[in-house]
Amino acid sequence: MKDDILKVLITEEEIATKVKQLGKTISKDYEDKNLLLVSVLKGSVLFMADLMRAIDIHARVDFMSVSSYGSGVKTSGVVKIVKDLDINLAGYDVLIVEDILDSGLTLQYLKEVLLQRKPNSLKIATLLDKPERRMVDLKADYACFTVPDEFVVGYGLDFAEKYRNLPYVGVLKPEIYTK
Ligand code: 5GP
Ligand code: MG
Ligand code: MG
């Protein structure tokens, strides 16, 4: 698996440091609130697992799964809820936990859907931000790293469902896409 990686963009240590910092910030910002972390499966599982442990105030967690149709490199812009939340959002300060904010289409759609359920507040925390590719006017409230316009894998992010278990974020060798 490691032989498929062209270069490491963000190391395990860099991720650990940033996620701990973010946990502290969120703990302060949500001290007097009713925090509900909403992880968007599957890409955000590692980020969610580390982030929730870095948060030292009461927090609920829930999971949802969306699909943007297709397992390839590009987002189609059409989003489908594959698994919905269990918790009713009324009364919660919801923080969406995402792997990457790329075109922004997925999160824009999710935000609209979740806002209709009348949470106290709704914000976005993303591990990675790829601002060059944005197609809608959407910013993350919390972002750990800005990445260049390259397709990245690892630490939850996949290519055709592989590489999620890499402990760092890296770029694949071009021949992997063309196999
Ligand atoms: P969007 O383009 O809607 O902002 O991103 C939708 C989803 O596409 C992300 O949540 C992520 O699952 C996937 N995605 C976007 N950019 C990348 C990338 O560079 N690498 C990987 N592995 N997935 C990506
Ligand atoms: Mg995602
Ligand atoms: Mg994917």
# chains A, B, ... in the order shown; residues from 1 in each chain; ligands from 1
call {"tool": "select_by_dssp", "arguments": {"residues": "region 54-149 of chain A", "states": "strand (DSSP E or B)", "output": "PDB file with C-alpha atoms, in the first residue's frame"}}
result
ATOM      1  CA  ARG A  60     -22.766  14.016  21.912  1.00  0.00           C
ATOM      2  CA  VAL A  61     -21.817  12.270  18.715  1.00  0.00           C
ATOM      3  CA  ASP A  62     -23.809  11.047  15.756  1.00  0.00           C
ATOM      4  CA  PHE A  63     -23.035   9.790  12.286  1.00  0.00           C
ATOM      5  CA  MET A  64     -24.467  10.182   8.857  1.00  0.00           C
ATOM      6  CA  SER A  65     -23.458   8.937   5.478  1.00  0.00           C
ATOM      7  CA  VAL A  66     -23.862  10.745   2.200  1.00  0.00           C
ATOM      8  CA  SER A  67     -22.960   9.633  -1.244  1.00  0.00           C
ATOM      9  CA  LYS A  80     -27.835  11.408  -1.423  1.00  0.00           C
ATOM     10  CA  ILE A  81     -28.306  10.668   2.299  1.00  0.00           C
ATOM     11  CA  VAL A  82     -27.393   7.012   2.666  1.00  0.00           C
ATOM     12  CA  LYS A  83     -27.606   6.900   6.472  1.00  0.00           C
ATOM     13  CA  ASP A  93     -25.200  23.242  18.686  1.00  0.00           C
ATOM     14  CA  VAL A  94     -24.226  21.078  15.773  1.00  0.00           C
ATOM     15  CA  LEU A  95     -20.672  20.835  14.512  1.00  0.00           C
ATOM     16  CA  ILE A  96     -20.322  18.928  11.243  1.00  0.00           C
ATOM     17  CA  VAL A  97     -17.052  16.979  11.187  1.00  0.00           C
ATOM     18  CA  GLU A  98     -15.804  16.464   7.623  1.00  0.00           C
ATOM     19  CA  ASP A  99     -12.706  15.068   6.000  1.00  0.00           C
ATOM     20  CA  ILE A 100     -12.279  17.626   3.236  1.00  0.00           C
ATOM     21  CA  LEU A 101     -13.952  20.732   1.889  1.00  0.00           C
ATOM     22  CA  SER A 121     -26.427  26.588  15.663  1.00  0.00           C
ATOM     23  CA  LEU A 122     -24.602  24.825  12.857  1.00  0.00           C
ATOM     24  CA  LYS A 123     -20.893  25.025  12.098  1.00  0.00           C
ATOM     25  CA  ILE A 124     -18.359  23.093  10.069  1.00  0.00           C
ATOM     26  CA  ALA A 125     -15.033  21.589  11.143  1.00  0.00           C
ATOM     27  CA  THR A 126     -12.946  20.068   8.388  1.00  0.00           C
ATOM     28  CA  LEU A 127      -9.604  18.334   8.512  1.00  0.00           C
ATOM     29  CA  LEU A 128      -8.602  19.551   5.058  1.00  0.00           C
ATOM     30  CA  ASP A 129      -9.550  22.588   3.033  1.00  0.00           C
ATOM     31  CA  TYR A 142     -12.657  25.341  11.652  1.00  0.00           C
ATOM     32  CA  ALA A 143     -10.066  23.859   9.295  1.00  0.00           C
ATOM     33  CA  CYS A 144      -6.869  22.064  10.286  1.00  0.00           C
ATOM     34  CA  PHE A 145      -4.894  22.177   7.037  1.00  0.00           C
ATOM     35  CA  THR A 146      -5.123  23.857   3.647  1.00  0.00           C
TER      36      THR A 146
END
call {"tool": "closest_atom_pairs", "arguments": {"of": "chain A", "to": "ligand 3", "cutoff": "7 Å", "atoms": "only C-alpha atoms and all ligand atoms", "output": "tab-separated table"}}
result
residue	atom	partner	partner_atom_place_in_ligand_line	distance
A:Gly43	CA	ligand 3	1 (Mg)	6.6
A:Ser71	CA	ligand 3	1 (Mg)	6.2
A:Leu157	CA	ligand 3	1 (Mg)	6.1
A:Asp158	CA	ligand 3	1 (Mg)	4.9
A:Phe159	CA	ligand 3	1 (Mg)	6.1
A:Ala160	CA	ligand 3	1 (Mg)	6.8
A:Glu161	CA	ligand 3	1 (Mg)	6.6
call {"tool": "atom_distance", "arguments": {"atom1": "CA of Val153 (chain A)", "atom2": "CA of Asp86 (chain A)"}}
result
28.7 Å
call {"tool": "closest_residue", "arguments": {"among": "A:Asp149, A:Asp84, A:Asp3, A:Asp102", "to": "ligand 2", "atoms": "only C-alpha atoms and all ligand atoms"}}
result
A:Asp102
call {"tool": "residues_around", "arguments": {"residues": "Asp29 (chain A)", "least_positions_apart": "4", "cutoff": "12 Å", "atoms": "only C-alpha atoms", "output": "PDB file with all heavy atoms, in the first residue's frame"}}
result
ATOM      1  N   LEU A  22      -7.232  21.963  17.903  1.00  0.00           N
ATOM      2  CA  LEU A  22      -8.618  22.226  17.511  1.00  0.00           C
ATOM      3  C   LEU A  22      -9.579  21.767  18.609  1.00  0.00           C
ATOM      4  O   LEU A  22     -10.568  22.446  18.902  1.00  0.00           O
ATOM      5  CB  LEU A  22      -8.944  21.541  16.182  1.00  0.00           C
ATOM      6  CG  LEU A  22     -10.384  21.715  15.691  1.00  0.00           C
ATOM      7  CD1 LEU A  22     -10.730  23.192  15.526  1.00  0.00           C
ATOM      8  CD2 LEU A  22     -10.603  20.979  14.367  1.00  0.00           C
ATOM      9  N   GLY A  23      -9.275  20.643  19.226  1.00  0.00           N
ATOM     10  CA  GLY A  23     -10.095  20.140  20.328  1.00  0.00           C
ATOM     11  C   GLY A  23     -10.175  21.155  21.464  1.00  0.00           C
ATOM     12  O   GLY A  23     -11.246  21.385  22.044  1.00  0.00           O
ATOM     13  N   LYS A  24      -9.044  21.781  21.773  1.00  0.00           N
ATOM     14  CA  LYS A  24      -9.014  22.805  22.832  1.00  0.00           C
ATOM     15  C   LYS A  24      -9.861  24.008  22.435  1.00  0.00           C
ATOM     16  O   LYS A  24     -10.630  24.535  23.246  1.00  0.00           O
ATOM     17  CB  LYS A  24      -7.566  23.271  23.076  1.00  0.00           C
ATOM     18  CG  LYS A  24      -6.782  22.289  23.923  1.00  0.00           C
ATOM     19  CD  LYS A  24      -5.480  22.900  24.418  1.00  0.00           C
ATOM     20  CE  LYS A  24      -4.683  21.819  25.159  1.00  0.00           C
ATOM     21  NZ  LYS A  24      -3.275  21.816  24.801  1.00  0.00           N
ATOM     22  N   THR A  25      -9.708  24.451  21.199  1.00  0.00           N
ATOM     23  CA  THR A  25     -10.465  25.611  20.719  1.00  0.00           C
ATOM     24  C   THR A  25     -11.969  25.337  20.792  1.00  0.00           C
ATOM     25  O   THR A  25     -12.747  26.159  21.289  1.00  0.00           O
ATOM     26  CB  THR A  25     -10.077  25.933  19.256  1.00  0.00           C
ATOM     27  OG1 THR A  25      -8.669  26.112  19.205  1.00  0.00           O
ATOM     28  CG2 THR A  25     -10.767  27.178  18.757  1.00  0.00           C
ATOM     29  N   LYS A  33     -22.403  25.723  25.542  1.00  0.00           N
ATOM     30  CA  LYS A  33     -23.353  25.303  24.514  1.00  0.00           C
ATOM     31  C   LYS A  33     -23.675  23.823  24.673  1.00  0.00           C
ATOM     32  O   LYS A  33     -23.241  23.183  25.631  1.00  0.00           O
ATOM     33  CB  LYS A  33     -22.772  25.613  23.138  1.00  0.00           C
ATOM     34  CG  LYS A  33     -22.539  27.117  22.916  1.00  0.00           C
ATOM     35  CD  LYS A  33     -22.434  27.443  21.461  1.00  0.00           C
ATOM     36  CE  LYS A  33     -22.690  28.907  21.210  1.00  0.00           C
ATOM     37  NZ  LYS A  33     -21.517  29.733  21.521  1.00  0.00           N
ATOM     38  N   ASN A  34     -24.448  23.322  23.735  1.00  0.00           N
ATOM     39  CA  ASN A  34     -24.906  21.932  23.803  1.00  0.00           C
ATOM     40  C   ASN A  34     -24.383  21.203  22.563  1.00  0.00           C
ATOM     41  O   ASN A  34     -25.114  20.988  21.603  1.00  0.00           O
ATOM     42  CB  ASN A  34     -26.436  21.942  23.873  1.00  0.00           C
ATOM     43  CG  ASN A  34     -27.010  20.588  24.230  1.00  0.00           C
ATOM     44  OD1 ASN A  34     -26.299  19.727  24.755  1.00  0.00           O
ATOM     45  ND2 ASN A  34     -28.281  20.390  23.938  1.00  0.00           N
ATOM     46  N   LEU A  35     -23.100  20.838  22.630  1.00  0.00           N
ATOM     47  CA  LEU A  35     -22.373  20.378  21.442  1.00  0.00           C
ATOM     48  C   LEU A  35     -22.790  18.981  20.972  1.00  0.00           C
ATOM     49  O   LEU A  35     -22.829  18.033  21.747  1.00  0.00           O
ATOM     50  CB  LEU A  35     -20.865  20.391  21.733  1.00  0.00           C
ATOM     51  CG  LEU A  35     -19.925  19.872  20.641  1.00  0.00           C
ATOM     52  CD1 LEU A  35     -20.059  20.678  19.356  1.00  0.00           C
ATOM     53  CD2 LEU A  35     -18.475  19.913  21.140  1.00  0.00           C
ATOM     54  N   ILE A  55     -11.583  16.868  22.883  1.00  0.00           N
ATOM     55  CA  ILE A  55     -12.604  17.787  23.399  1.00  0.00           C
ATOM     56  C   ILE A  55     -12.913  17.381  24.839  1.00  0.00           C
ATOM     57  O   ILE A  55     -13.234  16.219  25.094  1.00  0.00           O
ATOM     58  CB  ILE A  55     -13.875  17.737  22.511  1.00  0.00           C
ATOM     59  CG1 ILE A  55     -13.566  18.350  21.134  1.00  0.00           C
ATOM     60  CG2 ILE A  55     -15.051  18.442  23.171  1.00  0.00           C
ATOM     61  CD1 ILE A  55     -14.681  18.205  20.115  1.00  0.00           C
ATOM     62  N   ASP A  56     -12.780  18.348  25.781  1.00  0.00           N
ATOM     63  CA  ASP A  56     -12.932  17.971  27.187  1.00  0.00           C
ATOM     64  C   ASP A  56     -14.168  18.578  27.841  1.00  0.00           C
ATOM     65  O   ASP A  56     -14.196  18.805  29.045  1.00  0.00           O
ATOM     66  CB  ASP A  56     -11.653  18.302  27.973  1.00  0.00           C
ATOM     67  CG  ASP A  56     -11.344  19.786  27.968  1.00  0.00           C
ATOM     68  OD1 ASP A  56     -12.162  20.577  27.440  1.00  0.00           O
ATOM     69  OD2 ASP A  56     -10.289  20.182  28.496  1.00  0.00           O
ATOM     70  N   ILE A  57     -15.187  18.849  27.028  1.00  0.00           N
ATOM     71  CA  ILE A  57     -16.490  19.252  27.559  1.00  0.00           C
ATOM     72  C   ILE A  57     -17.505  18.179  27.128  1.00  0.00           C
ATOM     73  O   ILE A  57     -17.196  17.356  26.274  1.00  0.00           O
ATOM     74  CB  ILE A  57     -16.936  20.631  27.010  1.00  0.00           C
ATOM     75  CG1 ILE A  57     -16.959  20.600  25.478  1.00  0.00           C
ATOM     76  CG2 ILE A  57     -16.021  21.740  27.529  1.00  0.00           C
ATOM     77  CD1 ILE A  57     -17.647  21.787  24.852  1.00  0.00           C
ATOM     78  N   ASP A  93     -26.158  22.462  19.468  1.00  0.00           N
ATOM     79  CA  ASP A  93     -25.200  23.242  18.686  1.00  0.00           C
ATOM     80  C   ASP A  93     -24.391  22.238  17.878  1.00  0.00           C
ATOM     81  O   ASP A  93     -23.489  21.575  18.402  1.00  0.00           O
ATOM     82  CB  ASP A  93     -24.317  24.065  19.619  1.00  0.00           C
ATOM     83  CG  ASP A  93     -25.128  25.146  20.317  1.00  0.00           C
ATOM     84  OD1 ASP A  93     -25.487  26.123  19.645  1.00  0.00           O
ATOM     85  OD2 ASP A  93     -25.438  24.982  21.525  1.00  0.00           O
ATOM     86  N   LEU A  95     -21.938  20.617  15.207  1.00  0.00           N
ATOM     87  CA  LEU A  95     -20.672  20.835  14.512  1.00  0.00           C
ATOM     88  C   LEU A  95     -20.473  19.660  13.558  1.00  0.00           C
ATOM     89  O   LEU A  95     -20.300  18.517  13.987  1.00  0.00           O
ATOM     90  CB  LEU A  95     -19.519  20.925  15.514  1.00  0.00           C
ATOM     91  CG  LEU A  95     -18.143  21.272  14.935  1.00  0.00           C
ATOM     92  CD1 LEU A  95     -18.151  22.613  14.200  1.00  0.00           C
ATOM     93  CD2 LEU A  95     -17.089  21.303  16.044  1.00  0.00           C
ATOM     94  N   LYS A 123     -22.207  24.621  12.607  1.00  0.00           N
ATOM     95  CA  LYS A 123     -20.893  25.025  12.098  1.00  0.00           C
ATOM     96  C   LYS A 123     -20.190  23.820  11.477  1.00  0.00           C
ATOM     97  O   LYS A 123     -20.623  22.676  11.646  1.00  0.00           O
ATOM     98  CB  LYS A 123     -20.054  25.636  13.214  1.00  0.00           C
ATOM     99  CG  LYS A 123     -20.546  27.020  13.586  1.00  0.00           C
ATOM    100  CD  LYS A 123     -19.574  27.765  14.463  1.00  0.00           C
ATOM    101  CE  LYS A 123     -20.084  29.196  14.642  1.00  0.00           C
ATOM    102  NZ  LYS A 123     -19.238  29.967  15.530  1.00  0.00           N
ATOM    103  N   ASP A 141     -15.794  26.743   9.398  1.00  0.00           N
ATOM    104  CA  ASP A 141     -15.588  27.523  10.607  1.00  0.00           C
ATOM    105  C   ASP A 141     -14.283  27.121  11.272  1.00  0.00           C
ATOM    106  O   ASP A 141     -13.612  27.937  11.895  1.00  0.00           O
ATOM    107  CB  ASP A 141     -16.777  27.300  11.550  1.00  0.00           C
ATOM    108  CG  ASP A 141     -18.075  27.745  10.902  1.00  0.00           C
ATOM    109  OD1 ASP A 141     -18.323  28.962  10.895  1.00  0.00           O
ATOM    110  OD2 ASP A 141     -18.811  26.893  10.346  1.00  0.00           O
ATOM    111  N   TYR A 142     -13.928  25.853  11.140  1.00  0.00           N
ATOM    112  CA  TYR A 142     -12.657  25.341  11.652  1.00  0.00           C
ATOM    113  C   TYR A 142     -12.034  24.463  10.572  1.00  0.00           C
ATOM    114  O   TYR A 142     -12.716  23.578  10.045  1.00  0.00           O
ATOM    115  CB  TYR A 142     -12.864  24.480  12.894  1.00  0.00           C
ATOM    116  CG  TYR A 142     -13.624  25.159  14.015  1.00  0.00           C
ATOM    117  CD1 TYR A 142     -15.000  24.976  14.170  1.00  0.00           C
ATOM    118  CD2 TYR A 142     -12.952  25.961  14.940  1.00  0.00           C
ATOM    119  CE1 TYR A 142     -15.694  25.588  15.206  1.00  0.00           C
ATOM    120  CE2 TYR A 142     -13.637  26.580  15.986  1.00  0.00           C
ATOM    121  CZ  TYR A 142     -15.003  26.378  16.105  1.00  0.00           C
ATOM    122  OH  TYR A 142     -15.681  26.982  17.140  1.00  0.00           O
TER     123      TYR A 142
END
